[in-house]
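One file, final15.pdb, carrying PDB, C-alpha atoms:
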MODEL        1
ATOM      1  CA  VAL A   1     -28.328 -19.221 -11.649  1.00  0.00           C
ATOM      2  CA  VAL A   2     -31.601 -19.528  -9.765  1.00  0.00           C
ATOM      3  CA  ILE A   3     -31.044 -21.284  -6.463  1.00  0.00           C
ATOM      4  CA  LEU A   4     -34.623 -22.473  -6.119  1.00  0.00           C
ATOM      5  CA  ASP A   5     -34.319 -24.529  -9.309  1.00  0.00           C
ATOM      6  CA  MET A   6     -31.235 -26.367  -8.039  1.00  0.00           C
ATOM      7  CA  GLY A   7     -30.993 -29.602  -6.176  1.00  0.00           C
ATOM      8  CA  PRO A   8     -29.161 -29.836  -2.829  1.00  0.00           C
ATOM      9  CA  ALA A   9     -25.896 -31.068  -4.365  1.00  0.00           C
ATOM     10  CA  ALA A  10     -25.897 -28.321  -7.000  1.00  0.00           C
ATOM     11  CA  ARG A  11     -26.646 -25.689  -4.327  1.00  0.00           C
ATOM     12  CA  GLN A  12     -23.805 -26.976  -2.191  1.00  0.00           C
ATOM     13  CA  GLN A  13     -21.422 -26.860  -5.150  1.00  0.00           C
ATOM     14  CA  GLU A  14     -22.535 -23.333  -6.089  1.00  0.00           C
ATOM     15  CA  LEU A  15     -22.160 -22.183  -2.482  1.00  0.00           C
ATOM     16  CA  ALA A  16     -18.653 -23.674  -2.326  1.00  0.00           C
ATOM     17  CA  ARG A  17     -17.685 -21.778  -5.491  1.00  0.00           C
ATOM     18  CA  ASP A  18     -19.125 -18.541  -4.118  1.00  0.00           C
ATOM     19  CA  VAL A  19     -17.326 -18.946  -0.790  1.00  0.00           C
ATOM     20  CA  ALA A  20     -14.050 -19.664  -2.603  1.00  0.00           C
ATOM     21  CA  ALA A  21     -14.512 -16.512  -4.686  1.00  0.00           C
ATOM     22  CA  VAL A  22     -15.188 -14.415  -1.570  1.00  0.00           C
ATOM     23  CA  ILE A  23     -12.079 -15.823   0.120  1.00  0.00           C
ATOM     24  CA  ARG A  24      -9.964 -14.973  -2.939  1.00  0.00           C
ATOM     25  CA  LEU A  25     -11.339 -11.425  -2.895  1.00  0.00           C
ATOM     26  CA  MET A  26     -10.564 -11.082   0.813  1.00  0.00           C
ATOM     27  CA  GLU A  27      -7.018 -12.389   0.306  1.00  0.00           C
ATOM     28  CA  THR A  28      -6.492  -9.930  -2.531  1.00  0.00           C
ATOM     29  CA  ALA A  29      -7.792  -7.055  -0.408  1.00  0.00           C
ATOM     30  CA  LEU A  30      -5.472  -8.005   2.458  1.00  0.00           C
ATOM     31  CA  VAL A  31      -2.441  -8.192   0.171  1.00  0.00           C
ATOM     32  CA  LEU A  32      -3.245  -4.866  -1.471  1.00  0.00           C
ATOM     33  CA  ASP A  33      -3.854  -3.245   1.919  1.00  0.00           C
ATOM     34  CA  ASP A  34      -0.509  -4.541   3.191  1.00  0.00           C
ATOM     35  CA  GLU A  35       1.268  -3.230   0.089  1.00  0.00           C
ATOM     36  CA  GLN A  36      -0.370   0.161   0.547  1.00  0.00           C
ATOM     37  CA  GLY A  37       0.773   0.250   4.166  1.00  0.00           C
ATOM     38  CA  SER A  38       4.326  -0.594   3.131  1.00  0.00           C
ATOM     39  CA  LEU A  39       4.305   2.084   0.460  1.00  0.00           C
ATOM     40  CA  THR A  40       2.957   4.655   2.910  1.00  0.00           C
ATOM     41  CA  ARG A  41       5.720   3.857   5.410  1.00  0.00           C
ATOM     42  CA  GLU A  42       8.335   4.060   2.660  1.00  0.00           C
ATOM     43  CA  VAL A  43       7.015   7.450   1.508  1.00  0.00           C
ATOM     44  CA  GLU A  44       7.195   8.772   5.081  1.00  0.00           C
ATOM     45  CA  LYS A  45      10.806   7.574   5.423  1.00  0.00           C
ATOM     46  CA  LEU A  46      11.725   9.223   2.131  1.00  0.00           C
ATOM     47  CA  LYS A  47      10.031  12.485   3.147  1.00  0.00           C
ATOM     48  CA  ALA A  48      12.036  12.549   6.386  1.00  0.00           C
ATOM     49  CA  ARG A  49      15.273  11.823   4.506  1.00  0.00           C
ATOM     50  CA  ASN A  50      14.447  14.540   1.986  1.00  0.00           C
ATOM     51  CA  GLU A  51      13.898  17.080   4.778  1.00  0.00           C
ATOM     52  CA  LYS A  52      17.272  16.205   6.318  1.00  0.00           C
ATOM     53  CA  LEU A  53      19.002  16.564   2.961  1.00  0.00           C
ATOM     54  CA  GLU A  54      17.289  19.906   2.321  1.00  0.00           C
ATOM     55  CA  ASP A  55      18.450  21.147   5.741  1.00  0.00           C
ATOM     56  CA  LYS A  56      21.987  19.980   4.996  1.00  0.00           C
ATOM     57  CA  ALA A  57      21.942  21.702   1.588  1.00  0.00           C
ATOM     58  CA  LEU A  58      20.714  24.939   3.179  1.00  0.00           C
ATOM     59  CA  LYS A  59      23.502  24.826   5.781  1.00  0.00           C
ATOM     60  CA  MET A  60      26.076  24.220   3.058  1.00  0.00           C
ATOM     61  CA  ASP A  61      24.694  27.109   0.990  1.00  0.00           C
ATOM     62  CA  ASN A  62      24.943  29.399   4.026  1.00  0.00           C
ATOM     63  CA  GLU A  63      28.486  28.217   4.708  1.00  0.00           C
ATOM     64  CA  LEU A  64      29.445  28.872   1.073  1.00  0.00           C
ATOM     65  CA  ILE A  65      27.989  32.386   1.267  1.00  0.00           C
ATOM     66  CA  ASN A  66      29.968  33.027   4.461  1.00  0.00           C
ATOM     67  CA  LEU A  67      33.190  31.721   2.901  1.00  0.00           C
ATOM     68  CA  ARG A  68      32.731  33.865  -0.211  1.00  0.00           C
ATOM     69  CA  GLY A  69      32.138  36.910   1.983  1.00  0.00           C
ATOM     70  CA  LYS A  70      35.500  36.519   3.727  1.00  0.00           C
TER      71      LYS A  70
ENDMDL
END

Serialized structure, structure tokens:
Amino acid sequence: VVILDMGPAARQQELARDVAAVIRLMETALVLDDEQGSLTREVEKLKARNEKLEDKALKMDNELINLRGK
């Protein structure tokens, strides 16, 4: 659409549509960014839990080896 060929009312309507589209894009970006942040935090929590469980498994393996040796 060529803006110069539009009347004032048509320009205003087109501008309103464009602004609404930009706002929708910004809202979508904010939601997706928030979801990404939540997922990143969740991954970090799971990594920490995994490390603790790996440490616990290693300790139990060592204890089993010690018990078998006795």

task: Would you mind reading off the distance between CA of Asp61 in chain A and CA of Lys47 in chain A, one decimal, in Å?
output: 20.8 Å

- prompt: Interatomic distance between CA of Glu51 in chain A and CA of Glu63 in chain A?
  reply: 18.4 Å

message: If I take CA of Val31 in chain A and CA of Arg49 in chain A, how far is one from the other in Å, to one decimal?
response: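 It comes out at 27.1 Å.
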
Edge lengths and centre in Å to one decimal, as AutoDock Vina command-line options, is what I'm after for the box along x, y and z that holds all listed atoms of range 43-57 of chain A once 4 Å is added on each side.
--center_x 14.5 --center_y 14.6 --center_z 3.9 --size_x 23.0 --size_y 22.3 --size_z 12.9
